[in-house]
Amino acid sequence: MKPKLMGVVNVTPDSFSDGGRYLDPTAAVGHGLELLGQGADLLDVGGESTRPGAEEVSADEEMGRVLPVIEGLAGTATVSIDTSKAEVARAALDAGASIVNDVTALRRDPAIGALCAERDAGLVLMHMQGDPRTMQEEPRYDDDVVDDVKAFLAERIEVATAAGVAEERIWLDPGIGFGKDLDHNLELLRRLGELRALGRPLVIGTSRKSFIGKIDGSPVERRLGGTIASSVLAAAEGAEVLRVHDVAEAAQALKVAGAILSPP
Ligand code: HH2
């Protein structure tokens, strides 16, 4: 059990847990470097919030936020760009990012597929039901949530490879909290093994999310314990990348869990 830690660098005024804290590029770069020092293997830089109810921002606005930060970090870190716009992704790759994290899995802007193929960039394909404005209104799955998410991700792998993306450059993410109620999220986390059958590394982002608060009533600033519990269990189920805000604490939890699970 040795997952990679993807540290979150949100350059937004409105992200659900750290909106406004790193809007200044110097502060954002400093935060990214701090996360690297704490053990992050890569940094996910985002300039548009995807929290429930979030409004879209223009590509120009998004690029203005993320490009200076990527330029400041890319010499030192592996950087993924959290965007659904090909124009932003292209500029981010030019600035030194090497992975595109698309929470719409090429549905908002299919040109991201050809772009990643052309640049041999990594691509994260995430499942989301609906869009951020409406996704938590009444999430519903016809069949079984795990089967539905698995079928969706299998289909998006087809779309990405048809656009020329090498299958070994693709990572998959069930999208915890994206168009899912508490039971959907828990079921997905419980049965991650079934998604591993798709044969690609799994990215899991539970960090500070509202499903934790639905379990114990905690506000967003008091969800570290729930983040750690869900991240360690996801790693034990085979998640290979954990997307977290609190890298130091996640790294320590994983080291301790790993030491217990693999005696010398
Ligand atoms: N979660 C968020 C954003 N991007 N990308 C992937 N692949 N997986 C996730 O679970 C995921 C993601 C939401 O978290 P955050 O960036 O902290 O908030 P916001 O979207 O409000 O900026």
# chains A, B, ... in the order shown; residues from 1 in each chain; ligands from 1
>>> residues_near_ligand(ligand="ligand 1", cutoff="9 Å", atoms="only C-alpha atoms and all ligand atoms", output="VMD selection string")
chain A and resid 8 to 19 44 to 52 54 82 to 83 101 to 103 124 to 127 132 171 to 178 203 to 209 242 to 245
>>> residues_around(residues="Val29 (chain A)", least_positions_apart="3", cutoff="10 Å", atoms="only C-alpha atoms", output="number ranges by chain")
A: 9, 11, 22, 24-26, 32-35, 45, 68-74
>>> write_last_selection(atoms="N, CA and C atoms", output="CSV table (one decimal), in the first residue's frame")
chain,number,residue,atom,x,y,z
A,9,VAL,N,-4.0,22.5,-4.7
A,9,VAL,CA,-3.6,23.9,-4.7
A,9,VAL,C,-4.8,24.6,-5.4
A,11,VAL,N,-6.6,27.8,-6.6
A,11,VAL,CA,-6.3,29.2,-6.8
A,11,VAL,C,-7.7,29.9,-7.1
A,22,TYR,N,-5.5,31.1,-1.3
A,22,TYR,CA,-4.3,31.1,-2.1
A,22,TYR,C,-4.6,31.8,-3.5
A,24,ASP,N,-3.6,34.7,-4.3
A,24,ASP,CA,-2.4,35.4,-4.7
A,24,ASP,C,-1.4,34.4,-5.2
A,25,PRO,N,-0.8,34.5,-6.4
A,25,PRO,CA,0.1,33.5,-6.9
A,25,PRO,C,1.3,33.1,-6.0
A,26,THR,N,1.8,34.1,-5.4
A,26,THR,CA,3.0,33.8,-4.5
A,26,THR,C,2.5,33.0,-3.3
A,32,GLY,N,2.0,25.3,-2.4
A,32,GLY,CA,2.4,24.1,-3.2
A,32,GLY,C,3.7,23.5,-2.7
A,33,LEU,N,4.7,24.4,-2.5
A,33,LEU,CA,6.0,24.0,-2.1
A,33,LEU,C,6.0,23.4,-0.7
A,34,GLU,N,5.1,24.0,0.1
A,34,GLU,CA,4.9,23.4,1.5
A,34,GLU,C,4.3,22.0,1.4
A,35,LEU,N,3.4,21.8,0.5
A,35,LEU,CA,2.8,20.5,0.4
A,35,LEU,C,3.8,19.4,-0.1
A,45,VAL,N,-3.4,21.7,-9.5
A,45,VAL,CA,-3.7,23.2,-9.4
A,45,VAL,C,-5.0,23.5,-10.1
A,68,PRO,N,0.4,31.5,-13.6
A,68,PRO,CA,1.6,31.9,-12.8
A,68,PRO,C,1.9,30.9,-11.7
A,69,VAL,N,0.9,30.2,-11.2
A,69,VAL,CA,1.2,29.2,-10.2
A,69,VAL,C,1.8,28.0,-10.7
A,70,ILE,N,1.4,27.6,-11.9
A,70,ILE,CA,2.0,26.4,-12.6
A,70,ILE,C,3.4,26.7,-12.9
A,71,GLU,N,3.6,27.9,-13.5
A,71,GLU,CA,5.0,28.3,-13.8
A,71,GLU,C,5.9,28.3,-12.6
A,72,GLY,N,5.4,28.7,-11.5
A,72,GLY,CA,6.2,28.8,-10.3
A,72,GLY,C,6.5,27.4,-9.7
A,73,LEU,N,5.6,26.4,-10.0
A,73,LEU,CA,5.8,25.1,-9.4
A,73,LEU,C,6.4,24.0,-10.3
A,74,ALA,N,6.2,24.2,-11.6
A,74,ALA,CA,6.5,23.1,-12.5
A,74,ALA,C,7.9,22.7,-12.6
>>> select_by_dssp(residues="region 217-253 of chain A", states="helix (DSSP H, G or I)", output="list in words")
Val220, Glu221, Arg222, Leu224, Gly225, Gly226, Thr227, Ile228, Ala229, Ser230, Ser231, Val232, Leu233, Ala234, Ala235, Ala236, Val247, Ala248, Glu249, Ala250, Ala251, Gln252 and Ala253 of chain A
>>> write_last_selection(atoms="N, CA and C atoms", output="PDB file, in the first residue's frame")
ATOM      1  N   VAL A 220     -16.890  21.974   7.637  1.00  0.00           N
ATOM      2  CA  VAL A 220     -15.809  21.682   6.701  1.00  0.00           C
ATOM      3  C   VAL A 220     -14.423  21.781   7.336  1.00  0.00           C
ATOM      4  N   GLU A 221     -14.259  22.684   8.308  1.00  0.00           N
ATOM      5  CA  GLU A 221     -12.915  22.858   8.890  1.00  0.00           C
ATOM      6  C   GLU A 221     -12.598  21.794   9.948  1.00  0.00           C
ATOM      7  N   ARG A 222     -13.526  20.858  10.197  1.00  0.00           N
ATOM      8  CA  ARG A 222     -13.272  19.826  11.218  1.00  0.00           C
ATOM      9  C   ARG A 222     -13.423  18.424  10.625  1.00  0.00           C
ATOM     10  N   LEU A 224     -10.807  16.521   9.213  1.00  0.00           N
ATOM     11  CA  LEU A 224      -9.523  15.870   8.942  1.00  0.00           C
ATOM     12  C   LEU A 224      -9.558  14.385   9.305  1.00  0.00           C
ATOM     13  N   GLY A 225     -10.159  14.063  10.440  1.00  0.00           N
ATOM     14  CA  GLY A 225     -10.219  12.650  10.851  1.00  0.00           C
ATOM     15  C   GLY A 225     -10.949  11.802   9.821  1.00  0.00           C
ATOM     16  N   GLY A 226     -12.065  12.324   9.337  1.00  0.00           N
ATOM     17  CA  GLY A 226     -12.844  11.590   8.331  1.00  0.00           C
ATOM     18  C   GLY A 226     -12.092  11.479   7.013  1.00  0.00           C
ATOM     19  N   THR A 227     -11.335  12.521   6.686  1.00  0.00           N
ATOM     20  CA  THR A 227     -10.518  12.491   5.465  1.00  0.00           C
ATOM     21  C   THR A 227      -9.471  11.388   5.580  1.00  0.00           C
ATOM     22  N   ILE A 228      -8.828  11.325   6.750  1.00  0.00           N
ATOM     23  CA  ILE A 228      -7.757  10.335   6.941  1.00  0.00           C
ATOM     24  C   ILE A 228      -8.339   8.923   6.922  1.00  0.00           C
ATOM     25  N   ALA A 229      -9.432   8.717   7.642  1.00  0.00           N
ATOM     26  CA  ALA A 229     -10.031   7.371   7.691  1.00  0.00           C
ATOM     27  C   ALA A 229     -10.401   6.901   6.287  1.00  0.00           C
ATOM     28  N   SER A 230     -11.086   7.767   5.545  1.00  0.00           N
ATOM     29  CA  SER A 230     -11.542   7.350   4.211  1.00  0.00           C
ATOM     30  C   SER A 230     -10.372   7.194   3.251  1.00  0.00           C
ATOM     31  N   SER A 231      -9.335   8.010   3.395  1.00  0.00           N
ATOM     32  CA  SER A 231      -8.185   7.907   2.491  1.00  0.00           C
ATOM     33  C   SER A 231      -7.397   6.626   2.756  1.00  0.00           C
ATOM     34  N   VAL A 232      -7.190   6.315   4.027  1.00  0.00           N
ATOM     35  CA  VAL A 232      -6.428   5.094   4.349  1.00  0.00           C
ATOM     36  C   VAL A 232      -7.204   3.859   3.888  1.00  0.00           C
ATOM     37  N   LEU A 233      -8.514   3.860   4.122  1.00  0.00           N
ATOM     38  CA  LEU A 233      -9.303   2.698   3.684  1.00  0.00           C
ATOM     39  C   LEU A 233      -9.320   2.589   2.158  1.00  0.00           C
ATOM     40  N   ALA A 234      -9.364   3.741   1.474  1.00  0.00           N
ATOM     41  CA  ALA A 234      -9.332   3.708   0.004  1.00  0.00           C
ATOM     42  C   ALA A 234      -7.993   3.143  -0.476  1.00  0.00           C
ATOM     43  N   ALA A 235      -6.914   3.540   0.202  1.00  0.00           N
ATOM     44  CA  ALA A 235      -5.599   3.006  -0.182  1.00  0.00           C
ATOM     45  C   ALA A 235      -5.557   1.496   0.057  1.00  0.00           C
ATOM     46  N   ALA A 236      -6.137   1.063   1.166  1.00  0.00           N
ATOM     47  CA  ALA A 236      -6.148  -0.379   1.452  1.00  0.00           C
ATOM     48  C   ALA A 236      -6.956  -1.137   0.408  1.00  0.00           C
ATOM     49  N   VAL A 247      -1.685  17.243   3.408  1.00  0.00           N
ATOM     50  CA  VAL A 247      -0.732  16.227   2.962  1.00  0.00           C
ATOM     51  C   VAL A 247       0.064  15.635   4.132  1.00  0.00           C
ATOM     52  N   ALA A 248       0.524  16.467   5.052  1.00  0.00           N
ATOM     53  CA  ALA A 248       1.376  15.949   6.142  1.00  0.00           C
ATOM     54  C   ALA A 248       0.634  14.867   6.927  1.00  0.00           C
ATOM     55  N   GLU A 249      -0.618  15.149   7.261  1.00  0.00           N
ATOM     56  CA  GLU A 249      -1.388  14.204   8.079  1.00  0.00           C
ATOM     57  C   GLU A 249      -1.687  12.923   7.291  1.00  0.00           C
ATOM     58  N   ALA A 250      -1.997  13.082   6.008  1.00  0.00           N
ATOM     59  CA  ALA A 250      -2.273  11.895   5.183  1.00  0.00           C
ATOM     60  C   ALA A 250      -1.016  11.050   5.035  1.00  0.00           C
ATOM     61  N   ALA A 251       0.132  11.712   4.843  1.00  0.00           N
ATOM     62  CA  ALA A 251       1.383  10.964   4.674  1.00  0.00           C
ATOM     63  C   ALA A 251       1.697  10.171   5.947  1.00  0.00           C
ATOM     64  N   GLN A 252       1.496  10.785   7.101  1.00  0.00           N
ATOM     65  CA  GLN A 252       1.781  10.070   8.343  1.00  0.00           C
ATOM     66  C   GLN A 252       0.831   8.878   8.523  1.00  0.00           C
ATOM     67  N   ALA A 253      -0.450   9.110   8.256  1.00  0.00           N
ATOM     68  CA  ALA A 253      -1.429   8.028   8.414  1.00  0.00           C
ATOM     69  C   ALA A 253      -1.086   6.858   7.496  1.00  0.00           C
TER      70      ALA A 253
END
>>> atom_distance(atom1="CA of Arg119 (chain A)", atom2="CA of Ala89 (chain A)")
10.8 Å
>>> select_by_dssp(residues="region 98-256 of chain A", states="strand (DSSP E)", output="PyMOL selection string")
chain A and resi 99-102+122-126+170-173+203-204+241-244
>>> write_last_selection(atoms="N, CA, C and O atoms", output="mmCIF file, in the first residue's frame")
data_model
loop_
_atom_site.group_PDB
_atom_site.id
_atom_site.type_symbol
_atom_site.label_atom_id
_atom_site.label_comp_id
_atom_site.auth_asym_id
_atom_site.auth_seq_id
_atom_site.Cartn_x
_atom_site.Cartn_y
_atom_site.Cartn_z
ATOM 1 N N ILE A 99 -0.217 16.668 -16.512
ATOM 2 C CA ILE A 99 -1.433 15.848 -16.365
ATOM 3 C C ILE A 99 -2.641 16.782 -16.421
ATOM 4 O O ILE A 99 -2.601 17.881 -15.862
ATOM 5 N N VAL A 100 -3.715 16.340 -17.094
ATOM 6 C CA VAL A 100 -4.970 17.097 -17.080
ATOM 7 C C VAL A 100 -5.982 16.310 -16.243
ATOM 8 O O VAL A 100 -6.249 15.132 -16.521
ATOM 9 N N ASN A 101 -6.505 16.964 -15.223
ATOM 10 C CA ASN A 101 -7.517 16.366 -14.352
ATOM 11 C C ASN A 101 -8.861 16.960 -14.758
ATOM 12 O O ASN A 101 -9.188 18.086 -14.405
ATOM 13 N N ASP A 102 -9.630 16.192 -15.528
ATOM 14 C CA ASP A 102 -10.890 16.694 -16.084
ATOM 15 C C ASP A 102 -12.065 16.045 -15.355
ATOM 16 O O ASP A 102 -12.398 14.878 -15.605
ATOM 17 N N GLY A 122 -0.725 12.988 -19.098
ATOM 18 C CA GLY A 122 -1.613 12.122 -18.333
ATOM 19 C C GLY A 122 -3.021 12.710 -18.335
ATOM 20 O O GLY A 122 -3.194 13.911 -18.545
ATOM 21 N N LEU A 123 -4.011 11.859 -18.110
ATOM 22 C CA LEU A 123 -5.402 12.324 -18.132
ATOM 23 C C LEU A 123 -6.184 11.621 -17.025
ATOM 24 O O LEU A 123 -6.212 10.389 -16.969
ATOM 25 N N VAL A 124 -6.809 12.419 -16.152
ATOM 26 C CA VAL A 124 -7.697 11.855 -15.133
ATOM 27 C C VAL A 124 -9.129 11.994 -15.630
ATOM 28 O O VAL A 124 -9.568 13.107 -15.964
ATOM 29 N N LEU A 125 -9.833 10.870 -15.687
ATOM 30 C CA LEU A 125 -11.239 10.863 -16.106
ATOM 31 C C LEU A 125 -12.081 10.618 -14.860
ATOM 32 O O LEU A 125 -11.962 9.568 -14.222
ATOM 33 N N MET A 126 -12.928 11.588 -14.506
ATOM 34 C CA MET A 126 -13.726 11.458 -13.281
ATOM 35 C C MET A 126 -15.203 11.308 -13.592
ATOM 36 O O MET A 126 -15.715 11.909 -14.538
ATOM 37 N N ILE A 170 -3.928 7.008 -18.639
ATOM 38 C CA ILE A 170 -5.232 7.352 -18.054
ATOM 39 C C ILE A 170 -5.345 6.893 -16.601
ATOM 40 O O ILE A 170 -4.977 5.771 -16.267
ATOM 41 N N TRP A 171 -5.851 7.792 -15.757
ATOM 42 C CA TRP A 171 -6.231 7.442 -14.389
ATOM 43 C C TRP A 171 -7.751 7.652 -14.278
ATOM 44 O O TRP A 171 -8.318 8.493 -14.990
ATOM 45 N N LEU A 172 -8.379 6.906 -13.367
ATOM 46 C CA LEU A 172 -9.842 6.959 -13.225
ATOM 47 C C LEU A 172 -10.232 7.386 -11.819
ATOM 48 O O LEU A 172 -9.517 7.085 -10.856
ATOM 49 N N ASP A 173 -11.388 8.048 -11.720
ATOM 50 C CA ASP A 173 -11.830 8.567 -10.417
ATOM 51 C C ASP A 173 -13.351 8.452 -10.339
ATOM 52 O O ASP A 173 -14.046 8.962 -11.233
ATOM 53 N N VAL A 203 -7.893 7.291 -8.718
ATOM 54 C CA VAL A 203 -7.693 8.517 -7.938
ATOM 55 C C VAL A 203 -8.911 8.645 -7.025
ATOM 56 O O VAL A 203 -10.046 8.480 -7.491
ATOM 57 N N ILE A 204 -8.683 8.946 -5.748
ATOM 58 C CA ILE A 204 -9.812 9.125 -4.823
ATOM 59 C C ILE A 204 -9.651 10.447 -4.083
ATOM 60 O O ILE A 204 -8.603 10.721 -3.488
ATOM 61 N N VAL A 241 -3.867 6.907 -6.082
ATOM 62 C CA VAL A 241 -3.624 8.342 -5.923
ATOM 63 C C VAL A 241 -4.686 8.887 -4.973
ATOM 64 O O VAL A 241 -5.885 8.665 -5.187
ATOM 65 N N LEU A 242 -4.263 9.604 -3.929
ATOM 66 C CA LEU A 242 -5.210 10.218 -2.997
ATOM 67 C C LEU A 242 -5.092 11.732 -3.130
ATOM 68 O O LEU A 242 -4.002 12.294 -2.957
ATOM 69 N N ARG A 243 -6.214 12.366 -3.464
ATOM 70 C CA ARG A 243 -6.229 13.823 -3.642
ATOM 71 C C ARG A 243 -6.610 14.451 -2.309
ATOM 72 O O ARG A 243 -7.754 14.323 -1.870
ATOM 73 N N VAL A 244 -5.644 15.133 -1.655
ATOM 74 C CA VAL A 244 -5.892 15.659 -0.305
ATOM 75 C C VAL A 244 -5.388 17.084 -0.134
ATOM 76 O O VAL A 244 -4.434 17.499 -0.786
#
>>> atom_distance(atom1="CA of Ala40 (chain A)", atom2="CA of Ala114 (chain A)")
28.5 Å
>>> residues_around(residues="Leu192 (chain A)", least_positions_apart="2", cutoff="10 Å", atoms="only C-alpha atoms", output="ChimeraX atom specification")
/A:146,150,174,187-190,194-197,202,204,233-239
>>> write_last_selection(atoms="N, CA, C and O atoms", output="CSV table (one decimal), in the first residue's frame")
chain,number,residue,atom,x,y,z
A,146,VAL,N,-22.3,1.5,-8.2
A,146,VAL,CA,-20.9,1.1,-8.6
A,146,VAL,C,-20.9,0.6,-10.0
A,146,VAL,O,-20.0,0.9,-10.8
A,150,LYS,N,-18.9,2.4,-13.0
A,150,LYS,CA,-17.9,1.5,-13.7
A,150,LYS,C,-18.2,1.5,-15.2
A,150,LYS,O,-17.2,1.7,-16.0
A,174,PRO,N,-13.9,7.8,-9.3
A,174,PRO,CA,-15.4,7.7,-9.2
A,174,PRO,C,-16.0,9.0,-8.8
A,174,PRO,O,-17.3,9.1,-8.8
A,187,GLU,N,-20.9,3.4,-0.7
A,187,GLU,CA,-20.9,2.2,-1.5
A,187,GLU,C,-19.7,2.2,-2.4
A,187,GLU,O,-19.0,1.1,-2.6
A,188,LEU,N,-19.4,3.3,-3.0
A,188,LEU,CA,-18.3,3.4,-4.0
A,188,LEU,C,-17.0,3.2,-3.2
A,188,LEU,O,-16.1,2.4,-3.7
A,189,LEU,N,-16.9,3.8,-2.0
A,189,LEU,CA,-15.6,3.6,-1.3
A,189,LEU,C,-15.5,2.1,-0.8
A,189,LEU,O,-14.4,1.6,-0.8
A,190,ARG,N,-16.6,1.5,-0.4
A,190,ARG,CA,-16.6,0.1,0.0
A,190,ARG,C,-16.2,-0.8,-1.1
A,190,ARG,O,-15.6,-1.8,-0.8
A,194,GLU,N,-14.0,-3.2,-7.3
A,194,GLU,CA,-14.7,-3.5,-8.5
A,194,GLU,C,-14.3,-2.5,-9.6
A,194,GLU,O,-14.3,-2.9,-10.8
A,195,LEU,N,-13.9,-1.3,-9.2
A,195,LEU,CA,-13.5,-0.3,-10.2
A,195,LEU,C,-12.0,-0.6,-10.6
A,195,LEU,O,-11.6,-0.3,-11.8
A,196,ARG,N,-11.3,-1.3,-9.8
A,196,ARG,CA,-9.9,-1.6,-10.2
A,196,ARG,C,-9.9,-2.6,-11.3
A,196,ARG,O,-8.9,-2.7,-12.1
A,197,ALA,N,-11.0,-3.3,-11.5
A,197,ALA,CA,-11.1,-4.3,-12.6
A,197,ALA,C,-11.0,-3.6,-13.9
A,197,ALA,O,-10.7,-4.2,-15.0
A,202,LEU,N,-6.6,4.2,-9.7
A,202,LEU,CA,-7.7,5.0,-9.2
A,202,LEU,C,-7.3,6.1,-8.4
A,202,LEU,O,-6.4,6.0,-7.5
A,204,ILE,N,-8.7,8.9,-5.7
A,204,ILE,CA,-9.8,9.1,-4.8
A,204,ILE,C,-9.7,10.4,-4.1
A,204,ILE,O,-8.6,10.7,-3.5
A,233,LEU,N,-8.5,3.9,4.1
A,233,LEU,CA,-9.3,2.7,3.7
A,233,LEU,C,-9.3,2.6,2.2
A,233,LEU,O,-9.3,1.5,1.6
A,234,ALA,N,-9.4,3.7,1.5
A,234,ALA,CA,-9.3,3.7,0.0
A,234,ALA,C,-8.0,3.1,-0.5
A,234,ALA,O,-7.9,2.3,-1.4
A,235,ALA,N,-6.9,3.5,0.2
A,235,ALA,CA,-5.6,3.0,-0.2
A,235,ALA,C,-5.6,1.5,0.1
A,235,ALA,O,-5.0,0.7,-0.8
A,236,ALA,N,-6.1,1.1,1.2
A,236,ALA,CA,-6.1,-0.4,1.5
A,236,ALA,C,-7.0,-1.1,0.4
A,236,ALA,O,-6.7,-2.3,0.1
A,237,GLU,N,-7.9,-0.5,-0.2
A,237,GLU,CA,-8.8,-1.1,-1.2
A,237,GLU,C,-8.1,-0.9,-2.6
A,237,GLU,O,-8.7,-1.3,-3.6
A,238,GLY,N,-6.9,-0.3,-2.7
A,238,GLY,CA,-6.2,-0.3,-3.9
A,238,GLY,C,-6.1,1.0,-4.6
A,238,GLY,O,-5.6,1.1,-5.7
A,239,ALA,N,-6.6,2.1,-4.0
A,239,ALA,CA,-6.5,3.5,-4.7
A,239,ALA,C,-5.0,3.8,-4.8
A,239,ALA,O,-4.3,3.6,-3.9
>>> residues_around(residues="Gly164 (chain A)", least_positions_apart="6", cutoff="8 Å", atoms="only C-alpha atoms", output="list in words")
Gly113, Ala114, Ala117 and Glu118 of chain A
>>> write_last_selection(atoms="N, CA and C atoms", output="PDB file, in the first residue's frame")
ATOM      1  N   GLY A 113      -9.113  15.494 -25.091  1.00  0.00           N
ATOM      2  CA  GLY A 113      -8.594  14.168 -25.454  1.00  0.00           C
ATOM      3  C   GLY A 113      -7.463  14.276 -26.464  1.00  0.00           C
ATOM      4  N   ALA A 114      -7.730  14.951 -27.583  1.00  0.00           N
ATOM      5  CA  ALA A 114      -6.703  15.088 -28.629  1.00  0.00           C
ATOM      6  C   ALA A 114      -5.496  15.853 -28.097  1.00  0.00           C
ATOM      7  N   ALA A 117      -3.386  13.545 -26.093  1.00  0.00           N
ATOM      8  CA  ALA A 117      -2.729  12.604 -27.005  1.00  0.00           C
ATOM      9  C   ALA A 117      -1.514  13.275 -27.649  1.00  0.00           C
ATOM     10  N   GLU A 118      -1.745  14.473 -28.169  1.00  0.00           N
ATOM     11  CA  GLU A 118      -0.681  15.213 -28.876  1.00  0.00           C
ATOM     12  C   GLU A 118       0.507  15.485 -27.950  1.00  0.00           C
TER      13      GLU A 118
END
>>> atom_distance(atom1="CA of Arg65 (chain A)", atom2="CA of Ile81 (chain A)")
11.6 Å
>>> decode(residues="region 137-155 of chain A", atoms="N, CA and C atoms", output="compact mmCIF listing (two decimals), in the first residue's frame")
# COMPACT_ATOMS: atom_id res chain seq x y z
N GLU A 137 -28.68 17.99 -6.21
CA GLU A 137 -30.10 18.24 -5.97
C GLU A 137 -30.86 16.95 -5.67
N GLU A 138 -30.66 15.96 -6.54
CA GLU A 138 -31.32 14.67 -6.28
C GLU A 138 -30.61 13.56 -7.02
N PRO A 139 -29.38 13.24 -6.61
CA PRO A 139 -28.65 12.22 -7.35
C PRO A 139 -29.39 10.87 -7.32
N ARG A 140 -29.45 10.23 -8.47
CA ARG A 140 -30.20 8.98 -8.56
C ARG A 140 -29.52 8.05 -9.55
N TYR A 141 -29.48 6.79 -9.24
CA TYR A 141 -28.86 5.81 -10.14
C TYR A 141 -29.89 4.73 -10.44
N ASP A 142 -30.06 4.40 -11.74
CA ASP A 142 -31.08 3.42 -12.15
C ASP A 142 -30.76 2.05 -11.59
N ASP A 143 -29.48 1.75 -11.70
CA ASP A 143 -29.06 0.40 -11.41
C ASP A 143 -28.34 0.46 -10.06
N ASP A 144 -27.16 -0.02 -10.04
CA ASP A 144 -26.35 -0.03 -8.84
C ASP A 144 -25.30 1.06 -9.05
N VAL A 145 -25.05 1.91 -8.06
CA VAL A 145 -24.15 3.05 -8.29
C VAL A 145 -22.76 2.60 -8.76
N VAL A 146 -22.26 1.51 -8.20
CA VAL A 146 -20.91 1.07 -8.58
C VAL A 146 -20.92 0.58 -10.04
N ASP A 147 -21.95 -0.18 -10.41
CA ASP A 147 -22.04 -0.66 -11.80
C ASP A 147 -22.16 0.52 -12.77
N ASP A 148 -22.98 1.52 -12.40
CA ASP A 148 -23.17 2.69 -13.27
C ASP A 148 -21.86 3.47 -13.46
N VAL A 149 -21.17 3.69 -12.35
CA VAL A 149 -19.91 4.45 -12.42
C VAL A 149 -18.88 3.66 -13.22
N LYS A 150 -18.87 2.35 -13.00
CA LYS A 150 -17.90 1.51 -13.72
C LYS A 150 -18.17 1.54 -15.23
N ALA A 151 -19.44 1.44 -15.59
CA ALA A 151 -19.79 1.46 -17.03
C ALA A 151 -19.44 2.82 -17.64
N PHE A 152 -19.70 3.88 -16.89
CA PHE A 152 -19.36 5.22 -17.38
C PHE A 152 -17.86 5.33 -17.61
N LEU A 153 -17.07 4.92 -16.63
CA LEU A 153 -15.61 5.07 -16.76
C LEU A 153 -15.08 4.21 -17.90
N ALA A 154 -15.65 3.02 -18.07
CA ALA A 154 -15.21 2.16 -19.19
C ALA A 154 -15.49 2.86 -20.52
N GLU A 155 -16.65 3.49 -20.60
CA GLU A 155 -17.01 4.19 -21.85
C GLU A 155 -16.09 5.40 -22.08
